$ cat entry.cif   # mmCIF, C-alpha atoms
data_final
#
loop_
_atom_site.label_atom_id
_atom_site.label_comp_id
_atom_site.auth_asym_id
_atom_site.auth_seq_id
_atom_site.Cartn_x
_atom_site.Cartn_y
_atom_site.Cartn_z
CA MET J 5 -12.18 4.96 8.33
CA SER J 6 -13.51 4.87 4.77
CA ASN J 7 -10.28 6.58 3.63
CA ILE J 8 -8.26 3.40 4.26
CA THR J 9 -7.79 1.61 0.92
CA ILE J 10 -5.47 -1.22 1.99
CA GLY J 11 -7.28 -4.55 2.08
CA GLN J 12 -10.29 -3.33 0.09
CA TYR J 13 -11.02 -5.04 -3.22
CA TYR J 14 -12.70 -3.07 -6.01
CA ASN J 15 -14.63 -5.58 -8.10
CA VAL J 16 -14.65 -4.56 -11.75
CA ASN J 17 -13.75 -6.24 -15.04
CA SER J 18 -10.38 -4.93 -16.22
CA ILE J 19 -7.16 -6.25 -17.70
CA ILE J 20 -5.31 -5.48 -14.45
CA HIS J 21 -7.82 -7.50 -12.40
CA LYS J 22 -7.34 -10.48 -14.72
CA LEU J 23 -3.55 -10.55 -14.37
CA ASP J 24 -1.94 -13.30 -12.33
CA PRO J 25 -1.29 -12.07 -8.75
CA ARG J 26 2.37 -13.00 -9.15
CA VAL J 27 2.62 -10.54 -12.02
CA LYS J 28 1.07 -7.77 -9.92
CA LEU J 29 3.32 -8.51 -6.95
CA PHE J 30 6.40 -8.43 -9.18
CA GLY J 31 5.15 -5.25 -10.85
CA THR J 32 4.63 -3.57 -7.49
CA LEU J 33 8.16 -4.54 -6.43
CA ILE J 34 9.57 -3.14 -9.69
CA PHE J 35 7.56 0.04 -9.22
CA ILE J 36 8.88 0.56 -5.67
CA VAL J 37 12.47 -0.06 -6.81
CA ALA J 38 11.99 2.42 -9.65
CA LEU J 39 10.67 5.05 -7.24
CA PHE J 40 13.74 4.81 -5.02
CA VAL J 41 16.31 4.79 -7.83
CA ALA J 42 14.71 7.60 -9.87
CA ASN J 43 16.75 10.78 -9.53
CA ASN J 44 15.70 13.13 -12.34
CA SER J 45 12.66 14.57 -14.07
CA VAL J 46 12.81 12.09 -16.97
CA SER J 47 12.63 9.13 -14.59
CA TYR J 48 9.65 10.62 -12.77
CA ALA J 49 7.97 11.41 -16.09
CA ILE J 50 8.25 7.72 -17.08
CA ILE J 51 6.90 6.66 -13.68
CA THR J 52 4.01 9.13 -13.90
CA PHE J 53 3.03 8.01 -17.41
CA SER J 54 3.22 4.33 -16.42
CA LEU J 55 1.19 4.84 -13.25
CA VAL J 56 -1.53 6.78 -15.10
CA ALA J 57 -1.69 4.05 -17.75
CA VAL J 58 -2.10 1.34 -15.10
CA ILE J 59 -4.81 3.31 -13.27
CA ILE J 60 -6.76 3.79 -16.50
CA ALA J 61 -6.39 0.10 -17.38
CA SER J 62 -7.52 -0.95 -13.88
CA LYS J 63 -10.79 1.07 -14.15
CA VAL J 64 -10.45 2.00 -10.46
CA PRO J 65 -11.79 5.54 -9.79
CA PHE J 66 -8.95 7.95 -9.09
CA ILE J 67 -10.84 9.45 -6.14
CA ARG J 68 -10.78 6.03 -4.49
CA LEU J 69 -7.02 5.82 -4.86
CA ILE J 70 -6.25 9.22 -3.35
CA LYS J 71 -8.40 8.55 -0.27
CA GLY J 72 -5.42 6.78 1.28
CA MET J 73 -3.36 9.97 1.00
CA LYS J 74 -5.09 11.47 4.05
CA GLN J 75 -3.41 8.85 6.25
CA ILE J 76 0.12 9.98 5.29
CA LEU J 77 -0.54 13.70 4.88
CA ILE J 78 1.43 14.66 8.02
CA ILE J 79 4.39 12.46 7.02
CA LEU J 80 4.28 13.93 3.52
CA ILE J 81 4.34 17.52 4.78
CA ILE J 82 7.10 16.93 7.37
CA SER J 83 9.40 15.05 4.99
CA SER J 84 8.96 17.65 2.23
CA LEU J 85 9.61 20.59 4.59
CA CYS J 86 12.69 18.92 6.09
CA ASN J 87 14.21 18.46 2.65
CA MET J 88 13.26 21.98 1.60
CA PHE J 89 14.86 23.64 4.65
CA PHE J 90 17.91 21.41 5.21
CA VAL J 91 19.14 20.59 1.68
CA LYS J 92 21.63 23.31 0.79
CA SER J 93 22.38 22.81 -2.90
CA GLY J 94 21.73 24.94 -5.96
CA ASN J 95 20.82 28.62 -6.02
CA THR J 96 19.37 30.42 -3.01
CA LEU J 97 15.69 31.24 -3.51
CA VAL J 98 14.67 32.53 -0.07
CA HIS J 99 16.95 33.78 2.70
CA PHE J 100 15.43 35.11 5.89
CA GLY J 101 17.47 34.84 9.09
CA ALA J 102 18.23 31.16 9.71
CA VAL J 103 15.87 30.10 6.90
CA ASN J 104 17.68 29.40 3.65
CA ILE J 105 15.69 27.72 0.89
CA THR J 106 17.62 26.65 -2.20
CA SER J 107 16.58 25.35 -5.60
CA GLY J 108 18.12 21.97 -4.77
CA GLY J 109 16.05 21.75 -1.59
CA VAL J 110 12.82 22.55 -3.45
CA ILE J 111 13.57 19.94 -6.12
CA LYS J 112 14.46 17.34 -3.48
CA ALA J 113 11.27 18.11 -1.55
CA ALA J 114 9.20 17.74 -4.73
CA TYR J 115 10.81 14.37 -5.52
CA ILE J 116 10.25 13.10 -1.98
CA GLY J 117 6.62 14.23 -2.06
CA LEU J 118 5.98 12.56 -5.41
CA ARG J 119 7.72 9.41 -4.21
CA LEU J 120 5.43 9.07 -1.19
CA ILE J 121 2.29 9.89 -3.19
CA TYR J 122 3.14 7.42 -5.95
CA LEU J 123 4.08 4.77 -3.38
CA VAL J 124 0.65 4.94 -1.75
CA ILE J 125 -1.25 5.07 -5.04
CA GLY J 126 0.78 2.25 -6.61
CA THR J 127 0.32 -0.14 -3.70
CA SER J 128 -3.37 0.80 -3.50
CA VAL J 129 -3.81 -0.22 -7.14
CA MET J 130 -2.44 -3.67 -6.33
CA THR J 131 -4.68 -4.24 -3.29
CA LEU J 132 -7.77 -2.82 -4.99
CA THR J 133 -7.34 -5.07 -8.02
CA THR J 134 -6.30 -8.28 -6.23
CA LYS J 135 -8.36 -10.42 -3.89
CA PRO J 136 -6.61 -11.20 -0.57
CA SER J 137 -6.83 -14.94 -1.27
CA ASP J 138 -5.26 -14.50 -4.71
CA MET J 139 -2.55 -12.29 -3.23
CA ALA J 140 -1.71 -14.95 -0.64
CA ASP J 141 -1.53 -17.64 -3.34
CA GLY J 142 0.68 -15.43 -5.49
CA LEU J 143 3.00 -14.66 -2.59
CA GLU J 144 3.24 -18.33 -1.69
CA LYS J 145 4.08 -19.29 -5.26
CA SER J 146 6.58 -16.46 -5.68
CA LEU J 147 8.44 -17.30 -2.47
CA GLY J 148 8.20 -21.06 -2.91
CA PHE J 149 11.97 -21.36 -3.33
CA LEU J 150 12.39 -20.37 0.34
CA LYS J 151 10.90 -23.69 1.42
CA VAL J 152 14.28 -25.21 0.67
CA ILE J 153 15.73 -23.43 3.72
CA LYS J 154 12.71 -24.39 5.89
CA ILE J 155 10.96 -21.00 5.85
CA PRO J 156 7.17 -21.49 6.36
CA VAL J 157 6.13 -19.66 3.19
CA HIS J 158 2.56 -20.95 3.26
CA GLU J 159 1.98 -19.83 6.84
CA ILE J 160 3.42 -16.37 6.09
CA ALA J 161 1.18 -15.99 3.04
CA MET J 162 -1.85 -17.16 5.02
CA MET J 163 -1.19 -14.65 7.81
CA MET J 164 -0.90 -11.85 5.26
CA SER J 165 -4.14 -12.94 3.61
CA LEU J 166 -6.00 -13.02 6.92
CA ALA J 167 -4.62 -9.62 7.93
CA LEU J 168 -5.79 -8.04 4.67
CA ARG J 169 -9.12 -9.84 4.89
CA PHE J 170 -9.93 -8.46 8.34
CA ILE J 171 -8.92 -4.83 7.68
CA PRO J 172 -12.40 -3.93 6.29
CA THR J 173 -14.02 -5.88 9.14
CA LEU J 174 -12.06 -3.95 11.77
CA MET J 175 -12.94 -0.71 10.00
CA GLU J 176 -16.64 -1.53 10.24
CA GLU J 177 -16.23 -2.52 13.89
CA THR J 178 -14.43 0.75 14.65
CA ASP J 179 -17.17 2.74 12.95
CA LYS J 180 -19.84 0.97 15.02
CA ILE J 181 -17.96 1.63 18.27
CA ILE J 182 -17.50 5.32 17.40
CA LYS J 183 -21.21 5.71 16.66
CA ALA J 184 -22.15 3.89 19.87
CA GLN J 185 -19.81 6.06 21.96
CA THR J 186 -21.07 9.22 20.24
CA ALA J 187 -24.67 8.24 21.02
CA ARG J 188 -23.64 8.02 24.68
CA GLY J 189 -22.27 11.56 24.63
CA ALA J 190 -18.59 10.94 23.83
CA ASP J 191 -16.80 13.84 22.14
CA PHE J 192 -13.94 12.97 19.77
CA GLU J 193 -13.39 16.39 18.15
CA SER J 194 -12.96 19.02 20.86
CA GLY J 195 -9.75 19.73 22.78
CA GLY J 196 -6.11 19.57 21.83
CA LEU J 197 -4.06 16.67 20.51
CA ILE J 198 -3.53 15.07 23.95
CA ARG J 199 -7.23 15.33 24.74
CA LYS J 200 -8.22 13.79 21.40
CA VAL J 201 -5.85 10.86 21.97
CA LYS J 202 -7.37 10.25 25.41
CA ASN J 203 -10.87 10.45 23.92
CA TYR J 204 -10.07 7.51 21.64
CA ILE J 205 -9.17 5.17 24.51
CA PRO J 206 -12.82 4.05 24.90
CA ILE J 207 -12.63 2.99 21.23
CA LEU J 208 -9.29 1.21 21.31
CA VAL J 209 -10.07 -1.00 24.30
CA PRO J 210 -13.28 -2.62 22.92
CA LEU J 211 -11.70 -2.81 19.46
CA PHE J 212 -8.70 -4.66 20.87
CA VAL J 213 -10.95 -7.06 22.79
CA SER J 214 -13.08 -7.64 19.69
CA SER J 215 -9.96 -8.35 17.59
CA ILE J 216 -8.73 -10.96 20.09
CA GLU J 217 -12.16 -12.62 20.14
CA ARG J 218 -12.27 -12.76 16.33
CA ALA J 219 -8.77 -14.24 16.21
CA LEU J 220 -9.70 -16.95 18.74
CA GLU J 221 -12.91 -17.78 16.85
CA LEU J 222 -10.99 -18.03 13.58
CA ALA J 223 -8.34 -20.28 15.14
CA THR J 224 -11.05 -22.55 16.57
CA ALA J 225 -12.82 -22.73 13.20
CA MET J 226 -9.57 -23.63 11.39
CA GLU J 227 -8.73 -26.33 13.95
CA ALA J 228 -12.29 -27.75 13.73
CA ARG J 229 -11.77 -28.14 9.98
CA CYS J 230 -8.41 -29.90 10.55
CA TYR J 231 -6.52 -27.16 8.78
CA ARG J 232 -2.84 -27.89 8.24
CA GLY J 233 -0.58 -25.39 6.54
CA GLY J 234 1.18 -26.36 3.33
CA VAL J 235 -0.80 -29.53 2.59
CA ARG J 236 -4.02 -28.16 1.09
CA THR J 237 -4.76 -28.15 -2.63
CA LYS J 238 -5.93 -25.19 -4.72
CA PHE J 239 -9.43 -24.98 -6.17
CA ARG J 240 -8.11 -22.60 -8.86
CA PRO J 241 -4.34 -23.17 -9.28
CA LEU J 242 -2.43 -20.21 -10.66
CA LYS J 243 -1.46 -20.46 -14.32
CA TYR J 244 0.27 -17.94 -16.55
CA ASN J 245 -1.32 -16.90 -19.82
CA LYS J 246 -0.14 -14.83 -22.76
CA THR J 247 -1.20 -11.54 -21.16
CA ASP J 248 0.87 -12.30 -18.04
CA ILE J 249 4.01 -12.94 -20.11
CA ILE J 250 3.50 -9.66 -21.97
CA ALA J 251 3.00 -7.86 -18.64
CA TYR J 252 6.33 -9.25 -17.37
CA GLY J 253 8.03 -7.94 -20.50
CA VAL J 254 6.49 -4.48 -20.06
CA GLN J 255 7.67 -4.36 -16.45
CA ILE J 256 11.23 -5.24 -17.44
CA LEU J 257 11.18 -2.53 -20.13
CA PHE J 258 9.84 -0.06 -17.57
CA LEU J 259 12.71 -0.75 -15.16
CA ALA J 260 15.22 -0.61 -18.01
CA GLY J 261 13.83 2.77 -19.04
CA ILE J 262 14.27 4.12 -15.51
CA ILE J 263 17.85 2.86 -15.33
CA CYS J 264 18.70 4.37 -18.72
CA ALA J 265 17.13 7.71 -17.72
CA ASN J 266 19.27 7.77 -14.58
CA LEU J 267 22.46 6.93 -16.47
CA LEU J 268 21.84 9.60 -19.10
CA SER J 269 21.25 12.37 -16.53
#
$ encode --input "entry.cif" --output "structure tokens"
Amino acid sequence: MSNITIGQYYNVNSIIHKLDPRVKLFGTLIFIVALFVANNSVSYAIITFSLVAVIIASKVPFIRLIKGMKQILIILIISSLCNMFFVKSGNTLVHFGAVNITSGGVIKAAYIGLRLIYLVIGTSVMTLTTKPSDMADGLEKSLGFLKVIKIPVHEIAMMMSLALRFIPTLMEETDKIIKAQTARGADFESGGLIRKVKNYIPILVPLFVSSIERALELATAMEARCYRGGVRTKFRPLKYNKTDIIAYGVQILFLAGIICANLLS
């Protein structure tokens, strides 16, 4: 459970931590767009350099960022192998019976693998450097224009904030249940895949019940405090500073560099 990085905040003093959450949300969106439009080695080189620079500036340990990779390892392997075996472009590298691996398939598999890895690391940087409350405020401010068409932006942002807030709590609860079941003789490692899934049922049931109880307690607490969405004030209202404006400019230049690299290929 400690390998899950989403929803965990790494408290350290860095320039990335000090940025306005709206800047980080916009930067993450730009980064995801760049990942899906990049189609050559130059584009991925720009993305790699930019991601490394952001990680260094954030002062978040790299080992903490790659912990989340274990959760998508199976997806990463399957997607890479599918592209390697089924993309038939370029020169043939390996031919054995029905297996035909080409240079185009290998390159496509490498790009897909890098895309998934960078996607996880990039989003982890945002969540590790942004408090859930700040992220909710930034999302609410960024999507404020949707209020014109009666979309409950504040409620959506609040739900996202609460979901991120309770991810570490649910992780701790899961760890406690696993230890309690292990102390009673439960075995979660032996057997095949089907057996392992069945072994986790005694964990999922109490975890589900605990989650419902926490949700009801939170709803009761919010009602007791007369909470009403969209009418509360902010103790620390979001304000842009000079660093945020510069960060916006860097993000635009980054996207422009990716587009130019794609056009020149």
$ atom_distance --input "entry.cif" --atom1 "atom CA of J:Ile51" --atom2 "atom CA of J:Ile121"
11.9 Å
$ resolve_selection --input "entry.cif" --expression "the PyMOL selection byres ((chain J and resi 13-16) around 7)" --output "PyMOL selection string"
chain J and resi 11-12+17-18+131-135
$ closest_residue --input "entry.cif" --among "J:Val157, J:Leu211, J:Ala251, J:Met163" --to "J:Ile181" --atoms "all atoms listed in the file"
J:Leu211
$ closest_residue --input "entry.cif" --among "J:Asp248, J:Val152, J:Lys112, J:Arg240" --to "J:Ala42" --atoms "all atoms listed in the file"
J:Lys112
$ resolve_selection --input "entry.cif" --expression "the PyMOL selection byres ((chain J and resi 44) around 8)" --output "number ranges by chain"
J: 42-43, 45-48, 265-266, 269
$ resolve_selection --input "entry.cif" --expression "the PyMOL selection byres ((chain J and resi 66) around 12)" --output "list in words"
Thr9, Leu55, Val56, Ala57, Val58, Ile59, Ile60, Ala61, Ser62, Lys63, Val64, Pro65, Ile67, Arg68, Leu69, Ile70, Lys71, Gly72, Met73, Ile125, Gly126, Ser128, Val129 and Leu132 of chain J
